[in-house]
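Data block for final.pdb (PDB, C-alpha atoms):
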```pdb
MODEL        1
ATOM      1  CA  ASN A   1       9.620  10.980   0.033  1.00  0.00           C
ATOM      2  CA  GLN A   2      11.763   7.859   0.280  1.00  0.00           C
ATOM      3  CA  LYS A   3      13.496   6.296  -2.690  1.00  0.00           C
ATOM      4  CA  PHE A   4      13.971   2.591  -3.358  1.00  0.00           C
ATOM      5  CA  THR A   5      17.117   1.384  -1.572  1.00  0.00           C
ATOM      6  CA  GLY A   6      17.534  -1.967  -3.308  1.00  0.00           C
ATOM      7  CA  ARG A   7      17.153  -3.757   0.029  1.00  0.00           C
ATOM      8  CA  THR A   8      15.654  -7.240  -0.266  1.00  0.00           C
ATOM      9  CA  LEU A   9      12.890  -8.273   2.133  1.00  0.00           C
ATOM     10  CA  THR A  10      12.000 -11.905   2.802  1.00  0.00           C
ATOM     11  CA  PHE A  11       8.577 -13.027   4.002  1.00  0.00           C
ATOM     12  CA  GLU A  12       7.875 -16.433   5.497  1.00  0.00           C
ATOM     13  CA  LYS A  13       4.115 -15.839   5.468  1.00  0.00           C
ATOM     14  CA  TYR A  14       2.518 -15.041   2.120  1.00  0.00           C
ATOM     15  CA  ARG A  15      -0.257 -16.234  -0.131  1.00  0.00           C
ATOM     16  CA  GLU A  16      -1.214 -15.954  -3.757  1.00  0.00           C
ATOM     17  CA  LYS A  17      -4.093 -13.773  -4.871  1.00  0.00           C
ATOM     18  CA  LYS A  18      -5.722 -13.310  -8.251  1.00  0.00           C
ATOM     19  CA  VAL A  19      -5.995  -9.600  -9.126  1.00  0.00           C
ATOM     20  CA  LYS A  20      -6.743  -7.507 -12.191  1.00  0.00           C
ATOM     21  CA  ASN A  21      -3.805  -5.486 -13.441  1.00  0.00           C
ATOM     22  CA  SER A  22      -4.042  -1.945 -14.827  1.00  0.00           C
ATOM     23  CA  PHE A  23      -4.995  -3.381 -18.241  1.00  0.00           C
ATOM     24  CA  GLY A  24      -7.922  -5.317 -16.757  1.00  0.00           C
ATOM     25  CA  GLN A  25      -6.222  -8.694 -17.188  1.00  0.00           C
ATOM     26  CA  ALA A  26      -6.299 -11.258 -14.374  1.00  0.00           C
ATOM     27  CA  GLU A  27      -2.952 -12.265 -12.913  1.00  0.00           C
ATOM     28  CA  VAL A  28      -1.709 -14.019  -9.784  1.00  0.00           C
ATOM     29  CA  ARG A  29       0.417 -11.992  -7.367  1.00  0.00           C
ATOM     30  CA  TYR A  30       1.969 -12.688  -4.000  1.00  0.00           C
ATOM     31  CA  LEU A  31       0.208 -11.013  -1.082  1.00  0.00           C
ATOM     32  CA  VAL A  32       2.148 -10.097   2.080  1.00  0.00           C
ATOM     33  CA  GLU A  33       1.232  -8.340   5.313  1.00  0.00           C
ATOM     34  CA  ILE A  34       3.626  -5.518   6.204  1.00  0.00           C
ATOM     35  CA  PRO A  35       3.770  -3.211   9.233  1.00  0.00           C
ATOM     36  CA  ILE A  36       3.605   0.365   7.938  1.00  0.00           C
ATOM     37  CA  GLN A  37       3.496   3.875   9.334  1.00  0.00           C
ATOM     38  CA  LEU A  38       1.269   6.400   7.609  1.00  0.00           C
ATOM     39  CA  ALA A  39       0.646   9.908   8.960  1.00  0.00           C
ATOM     40  CA  GLY A  40       2.020   8.883  12.349  1.00  0.00           C
ATOM     41  CA  GLU A  41      -0.222   5.804  12.618  1.00  0.00           C
ATOM     42  CA  ASN A  42       1.282   2.294  12.824  1.00  0.00           C
ATOM     43  CA  PHE A  43      -0.695  -0.690  11.535  1.00  0.00           C
ATOM     44  CA  LEU A  44      -0.498  -3.861   9.450  1.00  0.00           C
ATOM     45  CA  ALA A  45      -1.447  -3.609   5.794  1.00  0.00           C
ATOM     46  CA  GLU A  46      -1.733  -6.144   2.984  1.00  0.00           C
ATOM     47  CA  PHE A  47       0.120  -5.517  -0.271  1.00  0.00           C
ATOM     48  CA  THR A  48       0.197  -7.497  -3.497  1.00  0.00           C
ATOM     49  CA  LEU A  49       3.641  -7.524  -5.066  1.00  0.00           C
ATOM     50  CA  SER A  50       4.478  -6.570  -8.638  1.00  0.00           C
ATOM     51  CA  ASP A  51       7.482  -5.170 -10.470  1.00  0.00           C
ATOM     52  CA  ARG A  52       7.097  -1.373 -10.342  1.00  0.00           C
ATOM     53  CA  SER A  53      10.743  -0.574 -11.144  1.00  0.00           C
ATOM     54  CA  SER A  54       9.804   1.314 -14.314  1.00  0.00           C
ATOM     55  CA  MET A  55       6.982   3.284 -12.680  1.00  0.00           C
ATOM     56  CA  LYS A  56       6.983   6.636 -10.892  1.00  0.00           C
ATOM     57  CA  ASP A  57       5.558   5.337  -7.598  1.00  0.00           C
ATOM     58  CA  SER A  58       7.069   2.259  -5.953  1.00  0.00           C
ATOM     59  CA  ILE A  59       3.839   1.374  -4.097  1.00  0.00           C
ATOM     60  CA  LEU A  60       0.153   2.121  -4.402  1.00  0.00           C
ATOM     61  CA  LEU A  61      -2.069   2.566  -1.369  1.00  0.00           C
ATOM     62  CA  GLY A  62      -5.528   1.207  -1.989  1.00  0.00           C
ATOM     63  CA  ARG A  63      -8.840   2.224  -0.497  1.00  0.00           C
ATOM     64  CA  LYS A  64      -8.866  -0.819   1.814  1.00  0.00           C
ATOM     65  CA  ILE A  65      -5.714   0.398   3.579  1.00  0.00           C
ATOM     66  CA  LEU A  66      -7.226   3.853   4.072  1.00  0.00           C
ATOM     67  CA  ARG A  67     -10.762   2.721   4.991  1.00  0.00           C
ATOM     68  CA  ASP A  68     -11.874   3.640   8.533  1.00  0.00           C
ATOM     69  CA  LYS A  69      -8.452   5.138   9.277  1.00  0.00           C
ATOM     70  CA  PHE A  70      -8.122   8.245   7.125  1.00  0.00           C
ATOM     71  CA  LEU A  71     -10.233  10.887   5.440  1.00  0.00           C
ATOM     72  CA  VAL A  72      -8.891  11.765   1.985  1.00  0.00           C
ATOM     73  CA  ASP A  73      -9.288  15.270   0.556  1.00  0.00           C
ATOM     74  CA  VAL A  74      -8.332  14.782  -3.098  1.00  0.00           C
ATOM     75  CA  SER A  75      -7.955  18.536  -3.630  1.00  0.00           C
ATOM     76  CA  LYS A  76      -4.882  18.601  -1.351  1.00  0.00           C
ATOM     77  CA  THR A  77      -1.530  16.786  -1.311  1.00  0.00           C
ATOM     78  CA  ASN A  78       1.032  15.629   1.272  1.00  0.00           C
ATOM     79  CA  LEU A  79      -0.917  16.675   4.365  1.00  0.00           C
ATOM     80  CA  GLY A  80       0.103  13.720   6.516  1.00  0.00           C
ATOM     81  CA  LYS A  81      -2.416  14.303   9.309  1.00  0.00           C
ATOM     82  CA  PRO A  82      -4.491  11.312  10.465  1.00  0.00           C
ATOM     83  CA  TYR A  83      -8.250  11.549  10.711  1.00  0.00           C
ATOM     84  CA  ARG A  84      -9.446  10.558  14.176  1.00  0.00           C
ATOM     85  CA  HIS A  85     -12.804   8.816  14.115  1.00  0.00           C
ATOM     86  CA  HIS A  86     -14.418   9.173  17.531  1.00  0.00           C
ATOM     87  CA  LYS A  87     -16.962   6.525  18.486  1.00  0.00           C
TER      88      LYS A  87
ENDMDL
END
```

Written form, structure tokens:
Amino acid sequence: NQKFTGRTLTFEKYREKKVKNSFGQAEVRYLVEIPIQLAGENFLAEFTLSDRSSMKDSILLGRKILRDKFLVDVSKTNLGKPYRHHK
């Protein structure tokens, strides 16, 4: 469980995206593509940026990041094992 380090990241490639916030109101946020590692898997993921400094979790992983890569069992926590989809 990593904590925020205060390190500043700079992105040359970004775009703006209209999203609905947690109150259902539309707002424009910056969208960046970031290489991440999740459960031992490395891949690129898109994140919209917002100030989460007053919130418990510094990032939220959406269903699009998890789709076709992981199987989520909501009755368990912190398992960290990737689901392998065999074709």

- Separating CA of Asn78 in chain A from CA of Tyr30 in chain A, to the nearest tenth of an Å, is a gap of 28.8 Å

- Task: Let me know the residues the PyMOL selection byres ((chain A and resi 31-41) around 7) catches in the file above, as a list in words.
- Result: Lys13, Tyr14, Arg15, Glu16, Lys17, Arg29, Tyr30, Asn42, Phe43, Leu44, Ala45, Glu46, Phe47, Thr48, Leu49, Gly80, Lys81 and Pro82 of chain A

Expected axis-aligned box over every listed atom of range 18-27 of chain A, 8 Å added per side, centre plus edges in Å to one decimal, as AutoDock Vina command-line options:
```
--center_x -5.4 --center_y -7.6 --center_z -13.2 --size_x 21.0 --size_y 27.4 --size_z 26.0
```

- Query: Please, which residues are within 8 Å of (-7.9, -15.5, -11.3) by the file's coordinates, counting only C-alpha atoms, and could they come as an NGL selection string?
  - Reply: :A and (17-19 or 26-28)
